[in-house]
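Here is upload_8.cif, consisting of mmCIF, C-alpha atoms:
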data_final
#
loop_
_atom_site.label_atom_id
_atom_site.label_comp_id
_atom_site.auth_asym_id
_atom_site.auth_seq_id
_atom_site.Cartn_x
_atom_site.Cartn_y
_atom_site.Cartn_z
CA MET A 1 229.74 210.75 197.79
CA ASN A 2 226.18 211.43 198.51
CA MET A 3 225.60 211.63 194.87
CA ALA A 4 227.36 208.36 194.36
CA MET A 5 225.35 206.60 197.11
CA LYS A 6 222.20 208.06 195.70
CA GLY A 7 223.06 206.82 192.26
CA TYR A 8 223.88 203.36 193.67
CA PHE A 9 220.58 202.99 195.49
CA SER A 10 218.66 204.34 192.53
CA ASN A 11 220.28 201.76 190.27
CA LEU A 12 219.57 199.06 192.86
CA ASN A 13 215.91 199.99 193.04
CA ALA A 14 215.73 200.09 189.29
CA SER A 15 217.22 196.64 189.02
CA LYS A 16 214.76 195.36 191.64
CA VAL A 17 211.92 196.92 189.76
CA GLU A 18 213.25 195.39 186.53
CA THR A 19 213.69 192.03 188.25
CA ASN A 20 210.21 192.17 189.70
CA HIS A 21 208.85 193.13 186.34
CA HIS A 22 210.68 190.19 184.70
CA HIS A 23 209.34 187.74 187.30
CA HIS A 24 205.88 189.15 186.90
CA HIS A 25 206.14 188.73 183.11
CA LEU A 26 207.26 185.08 183.47
CA LEU A 27 204.40 184.38 185.86
CA ARG A 28 201.89 185.80 183.45
CA ARG A 29 203.28 183.63 180.66
CA ARG A 30 202.97 180.56 182.86
CA GLN A 31 199.40 181.44 183.75
CA ASN A 32 198.46 182.06 180.13
CA SER A 33 200.00 178.79 178.96
CA PRO A 34 199.63 176.23 181.77
CA ILE A 35 199.33 173.28 179.27
CA VAL A 36 202.93 173.72 178.26
CA SER A 37 204.12 172.74 181.67
CA GLN A 38 201.80 169.67 181.67
CA LYS A 39 202.68 168.35 178.20
CA PRO A 40 205.24 165.79 179.40
CA PHE A 41 202.63 164.32 181.78
CA SER A 42 199.73 164.57 179.36
CA PHE A 43 201.49 162.44 176.70
CA SER A 44 202.25 159.56 179.03
CA LYS A 45 198.63 158.19 179.27
CA PRO A 46 197.12 158.28 175.74
CA PRO A 47 199.32 155.44 174.36
CA LEU A 48 197.94 153.14 177.08
CA ARG A 49 194.40 154.13 176.23
CA ILE A 50 195.04 153.60 172.51
CA VAL A 51 196.49 150.13 173.14
CA ALA A 52 193.56 149.21 175.34
CA ALA A 53 191.11 150.47 172.75
CA ALA A 54 192.93 148.52 170.05
CA ALA A 55 192.80 145.40 172.20
CA GLU A 56 189.11 145.91 172.84
CA GLU A 57 188.55 146.49 169.12
CA GLY A 58 190.45 143.29 168.32
CA ASN A 59 188.42 141.29 170.81
CA SER A 60 185.23 142.80 169.44
CA SER A 61 186.19 141.93 165.86
CA ASN A 62 187.09 138.39 166.95
CA ASN A 63 183.74 138.04 168.64
CA VAL A 64 181.93 139.30 165.55
CA ARG A 65 183.93 137.00 163.32
CA SER A 66 183.27 133.94 165.51
CA THR A 67 179.59 134.84 165.69
CA SER A 68 179.35 135.04 161.93
CA ASP A 69 181.09 131.69 161.67
CA VAL A 70 178.59 130.11 164.05
CA LYS A 71 175.69 131.54 162.10
CA GLY A 72 177.16 130.20 158.88
CA SER A 73 177.16 126.61 160.22
CA GLY A 74 173.69 126.93 161.70
CA THR A 75 173.05 128.17 165.20
CA THR A 76 169.63 126.59 165.64
CA ALA A 77 168.84 122.97 166.38
CA ARG A 78 166.84 122.73 163.14
CA GLY A 79 169.79 124.02 161.14
CA ARG A 80 172.09 121.45 162.69
CA ARG A 81 169.60 118.66 161.96
CA LEU A 82 169.28 119.71 158.33
CA LEU A 83 173.04 119.84 158.00
CA LYS A 84 173.36 116.34 159.47
CA ILE A 85 170.67 114.98 157.14
CA ARG A 86 172.44 116.46 154.11
CA GLU A 87 175.73 114.92 155.17
CA GLU A 88 174.15 111.49 155.70
CA LYS A 89 172.41 111.67 152.33
CA ARG A 90 175.66 112.64 150.62
CA LYS A 91 177.44 109.72 152.32
CA ARG A 92 174.73 107.23 151.30
CA GLU A 93 174.90 108.42 147.71
CA PHE A 94 178.67 108.06 147.71
CA ASP A 95 178.46 104.53 149.14
CA ARG A 96 175.75 103.59 146.65
CA LEU A 97 177.81 104.72 143.66
CA ARG A 98 180.95 103.07 144.98
CA ASN A 99 179.28 99.72 145.75
CA TYR A 100 176.71 99.71 142.89
CA PRO A 101 177.07 96.44 140.88
CA ALA A 102 177.94 96.72 137.21
CA TRP A 103 175.10 94.40 136.18
CA ALA A 104 172.59 96.62 137.98
CA LYS A 105 173.90 99.63 136.06
CA VAL A 106 173.48 97.69 132.80
CA LEU A 107 169.87 96.87 133.64
CA GLU A 108 169.22 100.46 134.66
CA ASN A 109 170.51 101.70 131.30
CA ALA A 110 168.59 99.02 129.41
CA CYS A 111 165.33 100.31 130.90
CA LYS A 112 165.62 103.40 128.69
CA ASP A 113 165.00 101.30 125.57
CA ASP A 114 162.91 98.40 126.89
CA GLU A 115 159.43 99.15 128.18
CA GLU A 116 158.91 95.55 129.31
CA LEU A 117 162.10 95.58 131.38
CA ARG A 118 161.15 98.95 132.82
CA ALA A 119 157.80 97.52 133.86
CA VAL A 120 159.52 94.49 135.40
CA LEU A 121 161.94 96.55 137.51
CA GLY A 122 159.38 99.20 138.46
CA ASP A 123 160.42 101.08 141.60
CA SER A 124 163.28 98.68 142.35
CA ILE A 125 165.81 100.77 140.36
CA GLY A 126 168.58 101.80 142.72
CA ASP A 127 168.18 98.73 144.94
CA PRO A 128 170.32 95.93 143.42
CA GLU A 129 168.90 93.21 145.66
CA LEU A 130 165.30 94.08 144.79
CA MET A 131 166.22 94.41 141.10
CA ARG A 132 167.70 90.91 141.17
CA LYS A 133 164.52 89.46 142.70
CA ARG A 134 162.31 91.19 140.13
CA VAL A 135 164.39 89.88 137.22
CA GLU A 136 164.45 86.34 138.62
CA GLU A 137 160.68 86.43 139.00
CA ARG A 138 160.27 87.61 135.43
CA VAL A 139 162.64 84.92 134.09
CA ARG A 140 160.77 82.27 136.05
CA LYS A 141 157.45 83.35 134.51
CA LYS A 142 158.38 84.23 130.94
CA GLY A 143 161.83 82.85 130.17
CA ARG A 144 165.30 84.34 129.85
CA ASP A 145 164.96 86.20 126.56
CA PHE A 146 163.65 89.74 127.05
CA TYR A 147 163.58 90.75 123.41
CA LYS A 148 162.83 87.60 121.40
CA GLN A 149 159.83 85.32 121.56
CA LYS A 150 160.27 81.56 121.41
CA THR A 151 160.12 80.32 117.82
CA GLY A 152 160.54 76.59 118.37
CA SER A 153 163.15 74.27 116.93
CA VAL A 154 164.05 73.57 113.31
CA LEU A 155 165.05 70.03 114.29
CA SER A 156 162.60 67.18 114.69
CA PHE A 157 162.50 65.48 118.07
CA LYS A 158 163.41 61.87 118.74
CA VAL A 159 160.68 59.37 119.66
CA SER A 160 161.31 56.16 121.63
CA PHE A 161 159.34 53.57 123.61
CA ARG A 162 160.46 51.88 126.84
CA ASP A 163 158.09 49.15 128.03
CA PHE A 164 155.14 51.36 127.31
CA ASN A 165 151.86 50.20 128.85
CA PRO A 166 148.92 52.22 127.46
CA LEU A 167 146.98 51.65 130.69
CA ASP A 168 149.70 52.74 133.13
CA SER A 169 152.71 54.65 131.83
CA TYR A 170 154.42 58.00 131.79
CA ILE A 171 155.01 60.04 128.67
CA TRP A 172 158.29 61.95 129.02
CA PHE A 173 159.42 64.94 127.01
CA GLU A 174 162.80 66.65 127.14
CA LEU A 175 163.00 70.37 126.28
CA TYR A 176 166.04 72.40 125.30
CA GLY A 177 165.85 74.41 128.50
CA SER A 178 163.83 74.93 131.66
CA PRO A 179 160.34 76.07 130.60
CA SER A 180 158.85 79.36 131.68
CA ASP A 181 155.40 79.54 133.26
CA ARG A 182 153.99 80.52 129.88
CA GLU A 183 155.53 77.46 128.22
CA VAL A 184 154.29 75.19 131.00
CA ASN A 185 150.78 76.48 130.41
CA LEU A 186 151.16 76.00 126.67
CA ILE A 187 152.29 72.37 126.91
CA GLY A 188 149.77 71.60 129.62
CA THR A 189 146.90 73.07 127.59
CA VAL A 190 147.82 70.97 124.52
CA ILE A 191 147.99 67.75 126.56
CA GLN A 192 144.77 68.60 128.35
CA SER A 193 142.99 69.16 125.03
CA TRP A 194 144.34 65.89 123.69
CA TYR A 195 143.06 64.02 126.77
CA VAL A 196 139.63 65.68 126.60
CA MET A 197 139.25 64.54 122.99
CA GLY A 198 140.26 61.01 124.00
CA ARG A 199 137.87 61.10 126.92
CA LEU A 200 135.06 61.95 124.50
CA GLY A 201 135.91 58.97 122.25
CA ALA A 202 137.73 60.83 119.49
CA PHE A 203 140.40 58.12 119.14
CA ASN A 204 138.13 55.28 117.95
CA SER A 205 139.49 53.54 114.87
CA SER A 206 136.26 51.54 114.52
CA ASN A 207 134.51 54.57 113.14
CA LEU A 208 136.73 56.15 110.50
CA GLN A 209 134.18 56.40 107.72
CA LEU A 210 135.76 59.42 106.04
CA ALA A 211 139.43 58.62 106.53
CA ASN A 212 139.81 57.07 103.08
CA SER A 213 136.99 58.85 101.32
CA SER A 214 137.47 61.13 98.35
CA MET A 215 136.28 64.70 98.46
CA GLU A 216 135.77 64.90 94.71
CA TYR A 217 132.18 63.90 95.30
CA ASP A 218 130.05 64.64 98.31
CA PRO A 219 130.83 61.82 100.75
CA LEU A 220 128.17 60.00 102.74
CA TYR A 221 128.34 59.58 106.48
CA ASP A 222 126.33 56.91 108.23
CA ALA A 223 125.34 58.40 111.60
CA ASP A 224 123.61 55.23 112.76
CA LYS A 225 126.76 53.23 112.20
CA GLY A 226 128.77 55.75 114.15
CA PHE A 227 126.24 55.63 116.97
CA LYS A 228 126.36 51.84 117.22
CA VAL A 229 130.14 51.60 117.31
CA LEU A 230 131.60 50.36 120.59
CA PRO A 231 132.72 53.41 122.57
CA SER A 232 136.43 54.00 122.97
CA SER A 233 137.81 56.58 125.39
CA CYS A 234 140.74 57.51 127.58
CA HIS A 235 140.27 56.77 131.26
CA ASP A 236 142.63 58.92 133.31
CA ILE A 237 145.57 61.34 133.28
CA SER A 238 147.79 63.07 135.84
CA ASP A 239 148.94 66.66 136.11
CA VAL A 240 151.80 67.66 133.81
CA GLU A 241 154.98 67.95 135.90
CA PHE A 242 158.35 69.55 135.20
CA GLN A 243 161.75 69.35 136.81
CA ASP A 244 164.24 71.62 135.07
CA ASN A 245 164.07 70.72 131.33
CA TRP A 246 162.26 67.39 131.77
CA GLY A 247 158.49 67.00 131.83
CA ARG A 248 156.17 64.04 132.25
CA VAL A 249 152.51 63.09 132.35
CA TRP A 250 150.99 59.79 133.44
CA VAL A 251 148.21 58.36 131.24
CA ASP A 252 145.69 55.55 131.17
CA LEU A 253 144.49 55.41 127.57
CA GLY A 254 141.72 52.99 128.51
CA THR A 255 139.92 51.72 125.44
CA ALA A 256 141.23 54.43 123.13
CA ASP A 257 143.03 53.12 120.09
CA LEU A 258 146.75 53.53 119.67
CA PHE A 259 146.33 56.01 116.88
CA SER A 260 145.75 58.45 119.76
CA ILE A 261 149.55 58.33 120.06
CA ASP A 262 149.81 59.51 116.46
CA VAL A 263 147.50 62.42 117.24
CA PHE A 264 149.57 63.27 120.31
CA LEU A 265 152.82 63.24 118.30
CA ASN A 266 151.28 65.34 115.53
CA CYS A 267 150.35 67.99 118.10
CA MET A 268 153.78 67.93 119.69
CA THR A 269 155.52 68.20 116.33
CA VAL A 270 153.83 71.49 115.48
CA LEU A 271 154.24 72.73 119.05
CA SER A 272 157.97 72.06 118.94
CA ALA A 273 158.47 73.64 115.53
CA ASN A 274 156.50 76.84 116.11
CA TYR A 275 156.55 77.58 119.83
CA LEU A 276 159.17 75.74 121.89
CA GLY A 277 161.82 73.18 121.06
CA ILE A 278 161.45 69.56 122.15
CA GLN A 279 164.50 67.30 122.00
CA GLN A 280 162.82 63.94 122.52
CA ILE A 281 159.64 62.21 123.65
CA VAL A 282 159.80 58.90 125.48
CA PHE A 283 156.77 56.62 126.03
CA GLY A 284 157.22 54.50 129.15
CA GLY A 285 160.08 54.28 131.57
CA HIS A 286 160.24 55.23 135.25
CA SER A 287 162.94 57.90 135.43
CA MET A 288 164.56 60.18 132.87
CA GLY A 289 167.43 62.59 133.12
CA ASP A 290 167.96 63.92 136.64
CA TRP A 291 164.36 63.42 137.67
CA GLU A 292 164.05 63.16 141.45
CA GLU A 293 160.93 61.39 142.59
CA GLY A 294 158.99 63.33 145.23
CA MET A 295 160.78 66.64 144.67
CA THR A 296 158.10 69.34 144.41
CA ASN A 297 160.03 72.44 145.49
CA PRO A 298 159.62 75.36 143.02
CA ASP A 299 163.01 76.74 144.14
CA TYR A 300 164.66 73.69 142.55
CA GLY A 301 162.89 73.96 139.21
CA TYR A 302 159.66 72.08 139.88
CA LYS A 303 156.57 73.29 138.02
CA TYR A 304 153.26 71.72 137.11
CA PHE A 305 150.09 72.22 135.12
CA LYS A 306 146.87 71.20 136.77
CA ILE A 307 144.57 69.06 134.59
#

With the file now loaded, output its structure as structure tokens.
Amino acid sequence: MNMAMKGYFSNLNASKVETNHHHHHLLRRRQNSPIVSQKPFSFSKPPLRIVAAAAEEGNSSNNVRSTSDVKGSGTTARGRRLLKIREEKRKREFDRLRNYPAWAKVLENACKDDEELRAVLGDSIGDPELMRKRVEERVRKKGRDFYKQKTGSVLSFKVSFRDFNPLDSYIWFELYGSPSDREVNLIGTVIQSWYVMGRLGAFNSSNLQLANSSMEYDPLYDADKGFKVLPSSCHDISDVEFQDNWGRVWVDLGTADLFSIDVFLNCMTVLSANYLGIQQIVFGGHSMGDWEEGMTNPDYGYKYFKI
């Protein structure tokens, strides 16, 4: 029995020793690997930190993207002003092209081939209203035809007399159209020259020594006879006036002979044939066509040549 009890206690002590040794071994394993026991806790936080970091990264990228957008549209006051100016210029150009008259485009294209038209329009190209004023001014001064000079009329004009008084009457002439400033000057210069000759006694039928002479032999001219002839001269004349296509001039032929009318008509015949067309010439009368007495407004077609 003693042996049995001894064996029992020896086995009990051995088991205790073995148990203590097992516990000691487990403790050492726990001490050597403490992270293993904390793994469930350690994996609970990182997902939150990753989400937060992702959120921060998203906000940061949004901020960078919005900043780049702002810089692209101009962040400075000068950049915004330049952008506004470009937009306004683009809008004006669009409105100009949309509302640009067709006739203005035709004139603009015609300038490429016509130096005179290009000089007339000048810096008005692009401004229809200013272009219209320039063209009207040019037509008023030089006529409607830009490419072709006046060549006169192939038809002879009609001549009539209406109670013509050589000392106090108008001479009327009807043109084919309203004369330009150049044509007014041309007609006025011819009439002025005719009057100056009459004023100097050129239209004196009492001294026509060579009118019927032959040039086969050297003719003789008697200067004393010409000097003693009674003087004959025109007395007065008015300015040459125009209203639309009608013109008139008042004359007092004085002591000039009526063949001065022949000289006048000879001048007008060549003028009409070579330079500008005349439909008719009327000697005498008080009103012709749509002539309005007292109307001197250039806007309504009134023009004049000062003699």

Expansion of the PyMOL selection byres ((chain A and resi 282-299) around 12) into residues, as a tab-separated table (two decimals) with C-alpha atoms, in the frame of the given file:
chain	number	residue	atom	x	y	z
A	136	GLU	CA	164.45	86.34	138.62
A	137	GLU	CA	160.68	86.43	139.00
A	140	ARG	CA	160.77	82.27	136.05
A	141	LYS	CA	157.45	83.35	134.51
A	157	PHE	CA	162.50	65.48	118.07
A	158	LYS	CA	163.41	61.87	118.74
A	159	VAL	CA	160.68	59.37	119.66
A	160	SER	CA	161.31	56.16	121.63
A	161	PHE	CA	159.34	53.57	123.61
A	162	ARG	CA	160.46	51.88	126.84
A	163	ASP	CA	158.09	49.15	128.03
A	164	PHE	CA	155.14	51.36	127.31
A	165	ASN	CA	151.86	50.20	128.85
A	166	PRO	CA	148.92	52.22	127.46
A	167	LEU	CA	146.98	51.65	130.69
A	168	ASP	CA	149.70	52.74	133.13
A	169	SER	CA	152.71	54.65	131.83
A	170	TYR	CA	154.42	58.00	131.79
A	171	ILE	CA	155.01	60.04	128.67
A	172	TRP	CA	158.29	61.95	129.02
A	173	PHE	CA	159.42	64.94	127.01
A	174	GLU	CA	162.80	66.65	127.14
A	175	LEU	CA	163.00	70.37	126.28
A	181	ASP	CA	155.40	79.54	133.26
A	241	GLU	CA	154.98	67.95	135.90
A	242	PHE	CA	158.35	69.55	135.20
A	243	GLN	CA	161.75	69.35	136.81
A	244	ASP	CA	164.24	71.62	135.07
A	245	ASN	CA	164.07	70.72	131.33
A	246	TRP	CA	162.26	67.39	131.77
A	247	GLY	CA	158.49	67.00	131.83
A	248	ARG	CA	156.17	64.04	132.25
A	249	VAL	CA	152.51	63.09	132.35
A	250	TRP	CA	150.99	59.79	133.44
A	251	VAL	CA	148.21	58.36	131.24
A	252	ASP	CA	145.69	55.55	131.17
A	261	ILE	CA	149.55	58.33	120.06
A	264	PHE	CA	149.57	63.27	120.31
A	265	LEU	CA	152.82	63.24	118.30
A	278	ILE	CA	161.45	69.56	122.15
A	279	GLN	CA	164.50	67.30	122.00
A	280	GLN	CA	162.82	63.94	122.52
A	281	ILE	CA	159.64	62.21	123.65
A	300	TYR	CA	164.66	73.69	142.55
A	301	GLY	CA	162.89	73.96	139.21
A	302	TYR	CA	159.66	72.08	139.88
A	303	LYS	CA	156.57	73.29	138.02
A	304	TYR	CA	153.26	71.72	137.11

Point to revise | Explicit residues for the PyMOL selection byres ((chain A and resi 108-111) around 12) (as a PyMOL selection string) | key: chain A and resi 100-107+112-128+131-132+135+146-147

Point to revise | From A:Ala202, A:Ser272, A:Gln209, A:Ala77, residue lying nearest Tyr176 (chain A) [all atoms listed in the file] | key: A:Ser272

Review point. Which residues come within 7 Å of region 224-239 of chain A, counting all atoms listed in the file, excluding same-chain residues fewer than 5 positions away, as a PyMOL selection string?
Key: chain A and resi 195+198-201+203-204+206-207+249-256+304-307

Practice item. Report the residues retrieved by the PyMOL selection byres ((chain A and resi 152) around 8) from the displayed file, expressed as a list in words. Key: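 With the PyMOL selection byres ((chain A and resi 152) around 8) on this model, the match is Lys150, Thr151, Ser153, Val154, Leu271, Ser272, Ala273, Asn274, Tyr275, Leu276 and Gly277 of chain A.
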
Point to revise | d(CA of Ile187 (chain A), CA of Met268 (chain A)) in Å | key: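 Computing the Euclidean distance for CA of Ile187 (chain A) and CA of Met268 (chain A) yields 8.6 Å.
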
Check your understanding: What gap, in Å, lies between CA of Met215 (chain A) and CA of Asp257 (chain A)?
Key ->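 Atom-to-atom, CA of Met215 (chain A) to CA of Asp257 (chain A), that is 25.4 Å.
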